[in-house]
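Quick notes on the structure that follows.
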Amino acid sequence: MRILAIDIGGTKVSVAVFEGDRMVKRESRSTNREGGRDWMLAQIREIAEAWSREAPLDRCGIGFGGPVDFAAQRVALSTHVGGWQDFALPAWVETNLGLPAVMDNDANVGALGEAVYGAGKGYSPLFYMTLSTGIGGGLVVDGRIYRGADSYAGEIGHLTVRPGGPECLCGARGCLERMCAGIWMEHDHGRSARELMYDPEFVRRYVVDLALGLKACIMLLNPARLVIGGGISKAGAALFGPLNEELRRQITAWSRARIDVTQAALGDDSVLYGALALAKCGGAKEEE
């Protein structure tokens, strides 16, 4: 079986083909924000049609970088790229590419990818956080994504960590995403996230807010492991060393909640592998 996996993020769209569990093709293209949804759909269609001419594709799994109504299989909205509100992306894939498709938000899909194939394999509950253009989270319990009552579980990016802080794209103030996401770092500090992550003094301040958000997750959910993926996580030890120190400072000795925070094993491909797992189980079947 050949499965098409799609990862739609704030800065790029990545597409891959899997044969079984093996990735055989992969391509990424930087997002044209001015082009919006139509530009991105055209890129996906161009890549998928070229690959399907080589050999037929059977199914499609999608991770979308924004809130998704999983039950309705519709994008709720995107704060990073226009045109996606209330869009039935899986239906578009079925109509235009001829593939049965299933979609979830990228953090849930990334969580599933790391749980099945990556750093979260063998750990339950597993919490996954994507730390990139935006910040999202996903919870996997016994191999199944926990979505909550309305598909909004895991939205760690919009926990308030700085009451009265700067305004977030969601309209609230002091959200974890507003304080720590890549989209705001250059805006607030005049340097790219890549540069800032190798400034030890900046990182020491940065991890205070990041740990506040993760502490809420750890104390509320008590995950067996917390995996962080996304572009900012690529800083590796420069980020994870100070972050773990700060978490141990904030989560005091009385708590027996484990602090097991690690970098995603699948790198940029967590969501693509999760899209594979989602497509293989058919989405709805995964919740049974």
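So you can find residues: chains in the structure tokens are A, B, ... in the order shown, residues in each start at 1, and ligands are numbered from 1 in order.
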Surrounding residues of region 270-282 of chain A excluding itself and chain neighbours under 2 positions, 9 Å, only C-alpha atoms, as a ChimeraX atom specification: /A:3-7,14-18,21,23,59-63,100-104,106-118,229-230,264-268,284-286
Limited to N, CA and C atoms, could you put the picked residues into a file as a CSV table (one decimal), in the first residue's frame?
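Output file out35.csv is given in full below:
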chain,number,residue,atom,x,y,z
A,3,ILE,N,0.9,5.2,0.7
A,3,ILE,CA,0.2,6.2,1.4
A,3,ILE,C,0.8,7.6,1.2
A,4,LEU,N,0.0,8.6,0.9
A,4,LEU,CA,0.4,10.0,0.7
A,4,LEU,C,0.3,10.6,2.1
A,5,ALA,N,1.3,11.2,2.6
A,5,ALA,CA,1.3,11.9,3.9
A,5,ALA,C,1.6,13.4,3.6
A,6,ILE,N,0.7,14.3,4.2
A,6,ILE,CA,0.8,15.7,4.0
A,6,ILE,C,1.0,16.4,5.4
A,7,ASP,N,1.9,17.3,5.5
A,7,ASP,CA,2.2,18.1,6.7
A,7,ASP,C,2.1,19.6,6.3
A,14,SER,N,5.0,20.0,3.6
A,14,SER,CA,5.9,18.8,3.3
A,14,SER,C,4.9,17.7,2.9
A,15,VAL,N,5.4,16.9,1.9
A,15,VAL,CA,4.6,15.8,1.3
A,15,VAL,C,5.5,14.6,1.2
A,16,ALA,N,5.0,13.4,1.5
A,16,ALA,CA,5.8,12.2,1.4
A,16,ALA,C,4.9,11.0,0.9
A,17,VAL,N,5.6,10.0,0.4
A,17,VAL,CA,4.9,8.8,0.1
A,17,VAL,C,5.6,7.7,0.9
A,18,PHE,N,4.8,6.8,1.5
A,18,PHE,CA,5.2,5.7,2.2
A,18,PHE,C,4.8,4.4,1.5
A,21,ASP,N,5.9,0.9,6.0
A,21,ASP,CA,6.4,1.9,6.9
A,21,ASP,C,7.6,2.7,6.4
A,23,MET,N,9.5,5.4,4.1
A,23,MET,CA,9.3,6.6,3.3
A,23,MET,C,10.2,6.5,2.0
A,59,ARG,N,-4.1,5.9,-0.2
A,59,ARG,CA,-4.8,6.6,0.9
A,59,ARG,C,-3.9,7.9,1.2
A,60,CYS,N,-4.5,8.8,2.0
A,60,CYS,CA,-3.9,10.0,2.3
A,60,CYS,C,-4.1,10.3,3.8
A,61,GLY,N,-3.1,10.7,4.5
A,61,GLY,CA,-3.2,11.2,5.9
A,61,GLY,C,-2.6,12.6,5.9
A,62,ILE,N,-3.3,13.5,6.7
A,62,ILE,CA,-2.9,14.9,6.7
A,62,ILE,C,-2.8,15.4,8.1
A,63,GLY,N,-1.7,16.2,8.4
A,63,GLY,CA,-1.6,17.0,9.6
A,63,GLY,C,-1.6,18.4,9.3
A,100,PRO,N,-9.0,8.4,-0.6
A,100,PRO,CA,-9.7,8.6,0.7
A,100,PRO,C,-8.7,9.2,1.7
A,101,ALA,N,-9.1,10.2,2.4
A,101,ALA,CA,-8.2,11.0,3.2
A,101,ALA,C,-8.8,11.2,4.6
A,102,VAL,N,-7.9,11.4,5.6
A,102,VAL,CA,-8.2,11.7,7.0
A,102,VAL,C,-7.3,12.7,7.5
A,103,MET,N,-7.8,13.6,8.3
A,103,MET,CA,-7.0,14.8,8.8
A,103,MET,C,-7.1,15.0,10.3
A,104,ASP,N,-6.1,15.5,10.9
A,104,ASP,CA,-6.1,16.0,12.2
A,104,ASP,C,-5.2,17.2,12.3
A,106,ASP,N,-1.8,19.2,13.3
A,106,ASP,CA,-0.5,18.7,13.2
A,106,ASP,C,0.1,18.3,14.5
A,107,ALA,N,-0.3,18.9,15.6
A,107,ALA,CA,0.3,18.4,16.9
A,107,ALA,C,-0.2,17.0,17.3
A,108,ASN,N,-1.5,16.8,17.1
A,108,ASN,CA,-2.0,15.4,17.3
A,108,ASN,C,-1.4,14.4,16.4
A,109,VAL,N,-1.2,14.8,15.1
A,109,VAL,CA,-0.6,13.9,14.2
A,109,VAL,C,0.9,13.6,14.5
A,110,GLY,N,1.6,14.7,14.9
A,110,GLY,CA,3.0,14.6,15.3
A,110,GLY,C,3.1,13.7,16.5
A,111,ALA,N,2.2,13.8,17.5
A,111,ALA,CA,2.1,13.0,18.7
A,111,ALA,C,2.0,11.5,18.3
A,112,LEU,N,1.1,11.3,17.4
A,112,LEU,CA,0.9,9.9,16.9
A,112,LEU,C,2.1,9.3,16.2
A,113,GLY,N,2.8,10.1,15.4
A,113,GLY,CA,4.0,9.7,14.8
A,113,GLY,C,5.1,9.3,15.8
A,114,GLU,N,5.3,10.2,16.8
A,114,GLU,CA,6.4,9.9,17.8
A,114,GLU,C,6.0,8.7,18.6
A,115,ALA,N,4.7,8.6,18.9
A,115,ALA,CA,4.2,7.4,19.7
A,115,ALA,C,4.4,6.1,19.0
A,116,VAL,N,4.1,6.1,17.7
A,116,VAL,CA,4.2,4.8,17.0
A,116,VAL,C,5.6,4.5,16.5
A,117,TYR,N,6.3,5.6,16.0
A,117,TYR,CA,7.6,5.3,15.3
A,117,TYR,C,8.8,6.0,16.0
A,118,GLY,N,8.6,6.9,17.0
A,118,GLY,CA,9.7,7.7,17.4
A,118,GLY,C,10.0,7.6,18.9
A,229,GLY,N,9.0,18.5,19.4
A,229,GLY,CA,9.5,18.5,18.1
A,229,GLY,C,9.3,19.9,17.5
A,230,GLY,N,9.5,20.1,16.2
A,230,GLY,CA,9.4,21.4,15.6
A,230,GLY,C,10.8,22.0,15.4
A,264,ALA,N,12.2,15.2,19.9
A,264,ALA,CA,11.6,14.3,18.9
A,264,ALA,C,12.6,13.5,18.1
A,265,ALA,N,12.4,12.2,18.0
A,265,ALA,CA,13.3,11.3,17.3
A,265,ALA,C,13.2,11.4,15.8
A,266,LEU,N,12.0,11.9,15.3
A,266,LEU,CA,11.8,11.9,13.9
A,266,LEU,C,12.1,13.2,13.2
A,267,GLY,N,12.5,14.2,14.0
A,267,GLY,CA,12.9,15.5,13.4
A,267,GLY,C,11.8,16.2,12.7
A,268,ASP,N,12.0,16.6,11.5
A,268,ASP,CA,11.0,17.2,10.7
A,268,ASP,C,9.9,16.3,10.2
A,284,ALA,N,-11.1,7.3,12.0
A,284,ALA,CA,-12.2,7.0,12.9
A,284,ALA,C,-12.0,5.7,13.6
A,285,LYS,N,-11.4,4.7,12.9
A,285,LYS,CA,-11.1,3.4,13.6
A,285,LYS,C,-10.2,3.5,14.7
A,286,GLU,N,-9.3,4.6,14.6
A,286,GLU,CA,-8.2,4.8,15.6
A,286,GLU,C,-8.9,5.1,16.9
With the cut-off set at 12 Å and counting only C-alpha atoms, tabulate each residue of region 87-150 of chain A with an atom at most that distance from an atom of region 190-207 of chain A, showing the nearest atom pair and its distance in Å to one decimal, ordered by chain and increasing number, as CSV.
residue,atom,partner,partner_atom,distance
A:Leu131,CA,A:Ala193,CA,10.8
A:Ser132,CA,A:Ala193,CA,9.1
A:Thr133,CA,A:Ala193,CA,9.5
Per DSSP on the backbone, what are the helix (DSSP H, G or I) residues of region 32-268 of chain A, as number ranges by chain? A: 36-54, 89-97, 106-117, 156-158, 176-180, 182-189, 193-196, 200-221, 231-235, 237-250, 267-268
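Those residues of region 186-261 of chain A that DSSP, working from the backbone, places in strand (DSSP E or B) are Arg225, Leu226, Val227, Ile228, Gly229 and Val261 of chain A.
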Let's have the selection written as an mmCIF file, in the first residue's frame, with C-alpha atoms.
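So the final result, stored in result_4.cif, reads:
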data_model
loop_
_atom_site.group_PDB
_atom_site.id
_atom_site.type_symbol
_atom_site.label_atom_id
_atom_site.label_comp_id
_atom_site.auth_asym_id
_atom_site.auth_seq_id
_atom_site.Cartn_x
_atom_site.Cartn_y
_atom_site.Cartn_z
ATOM 1 C CA ARG A 225 7.175 11.090 28.469
ATOM 2 C CA LEU A 226 6.952 14.548 26.948
ATOM 3 C CA VAL A 227 8.417 14.849 23.443
ATOM 4 C CA ILE A 228 9.205 18.200 21.832
ATOM 5 C CA GLY A 229 9.455 18.524 18.068
ATOM 6 C CA VAL A 261 11.303 15.647 28.435
#
I'd like the contact shell of Pro67 (chain A) - 10 Å cut-off, only C-alpha atoms, skipping same-chain residues fewer than 3 positions apart - returned as an NGL selection string. :A and (64 or 70 or 74-79 or 85 or 104-107 or 136 or 151-152 or 155)
Output C-alpha atoms of each residue in that selection to a file, as a CSV table (one decimal), in the first residue's frame.
chain,number,residue,atom,x,y,z
A,64,PHE,CA,-2.8,20.6,9.5
A,70,PHE,CA,-11.9,16.1,13.6
A,74,ARG,CA,-12.8,20.3,8.4
A,75,VAL,CA,-10.2,22.9,9.1
A,76,ALA,CA,-11.5,25.3,11.8
A,77,LEU,CA,-9.0,28.1,11.0
A,78,SER,CA,-5.4,29.0,10.5
A,79,THR,CA,-3.9,32.1,12.2
A,85,GLN,CA,-11.5,28.6,7.7
A,104,ASP,CA,-6.1,16.0,12.2
A,105,ASN,CA,-4.2,19.0,13.6
A,106,ASP,CA,-0.5,18.7,13.2
A,107,ALA,CA,0.3,18.4,16.9
A,136,GLY,CA,0.6,23.0,19.7
A,151,SER,CA,-11.2,18.3,19.1
A,152,TYR,CA,-9.5,21.0,21.2
A,155,GLU,CA,-3.9,23.2,22.9
CA of Thr160 (chain A) to CA of Trp84 (chain A), distance in Å rounded to a single decimal: 25.5 Å
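Using only C-alpha atoms, the nearest neighbour of Ala48 (chain A) within the list A:Glu27, A:Asp86, A:Asp69, A:Asp269 is A:Glu27.
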Got a sec: who's within 12 Å of Ser30 (chain A), counting only C-alpha atoms, leaving out chain neighbours fewer than 5 positions off, as a ChimeraX atom specification? /A:7-15,35-36,39-40,43
Contacts of Pro223 (chain A) within 12 Å, only C-alpha atoms, excl. fewer than 4 positions in-chain, as a list in words: Gly120, Tyr123, Ser124, Pro125, Leu126, Phe127, Tyr128, Gly138, Leu139, Val140, Val141, Asp142, Leu214, Lys215, Ala216, Cys217, Ile218, Met219, Val227, Arg256, Ala257, Arg258, Ile259, Asp260 and Val261 of chain A
Compile the contact shell of Met179 (chain A) as a PDB file with C-alpha atoms, in the first residue's frame: residues with an atom at most 10 Å away, counting only C-alpha atoms, same-chain residues fewer than 2 positions apart removed.
ATOM      1  CA  GLY A 157       0.081  26.981  23.021  1.00  0.00           C
ATOM      2  CA  THR A 160      -1.671  31.846  29.645  1.00  0.00           C
ATOM      3  CA  VAL A 161       1.839  31.962  31.078  1.00  0.00           C
ATOM      4  CA  ARG A 162       2.170  35.764  31.372  1.00  0.00           C
ATOM      5  CA  GLY A 165       1.439  39.965  28.507  1.00  0.00           C
ATOM      6  CA  PRO A 166       1.559  40.848  24.809  1.00  0.00           C
ATOM      7  CA  GLU A 167      -1.425  40.030  22.612  1.00  0.00           C
ATOM      8  CA  CYS A 168      -1.430  36.656  20.845  1.00  0.00           C
ATOM      9  CA  ARG A 173      -2.641  37.957  26.145  1.00  0.00           C
ATOM     10  CA  GLY A 174       0.478  36.219  27.379  1.00  0.00           C
ATOM     11  CA  CYS A 175      -0.159  32.832  25.725  1.00  0.00           C
ATOM     12  CA  LEU A 176       2.692  30.326  25.682  1.00  0.00           C
ATOM     13  CA  GLU A 177       2.659  30.585  21.878  1.00  0.00           C
ATOM     14  CA  ALA A 181       6.801  30.564  19.275  1.00  0.00           C
ATOM     15  CA  GLY A 182       9.116  31.224  16.355  1.00  0.00           C
ATOM     16  CA  ILE A 183       6.698  33.605  14.635  1.00  0.00           C
ATOM     17  CA  TRP A 184       7.196  36.080  17.486  1.00  0.00           C
ATOM     18  CA  MET A 185      10.880  35.645  18.318  1.00  0.00           C
ATOM     19  CA  ASP A 188      10.280  40.664  19.780  1.00  0.00           C
ATOM     20  CA  TYR A 206      13.262  31.920  27.308  1.00  0.00           C
ATOM     21  CA  ASP A 209       8.009  30.781  30.077  1.00  0.00           C
ATOM     22  CA  LEU A 210       8.398  27.522  28.190  1.00  0.00           C
TER      23      LEU A 210
END
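Near Asp58 (chain A), within 7 Å and counting only C-alpha atoms, sit Met1, Arg2, Ile3 and Leu99 of chain A, not including residues fewer than 4 positions from it in the same chain.
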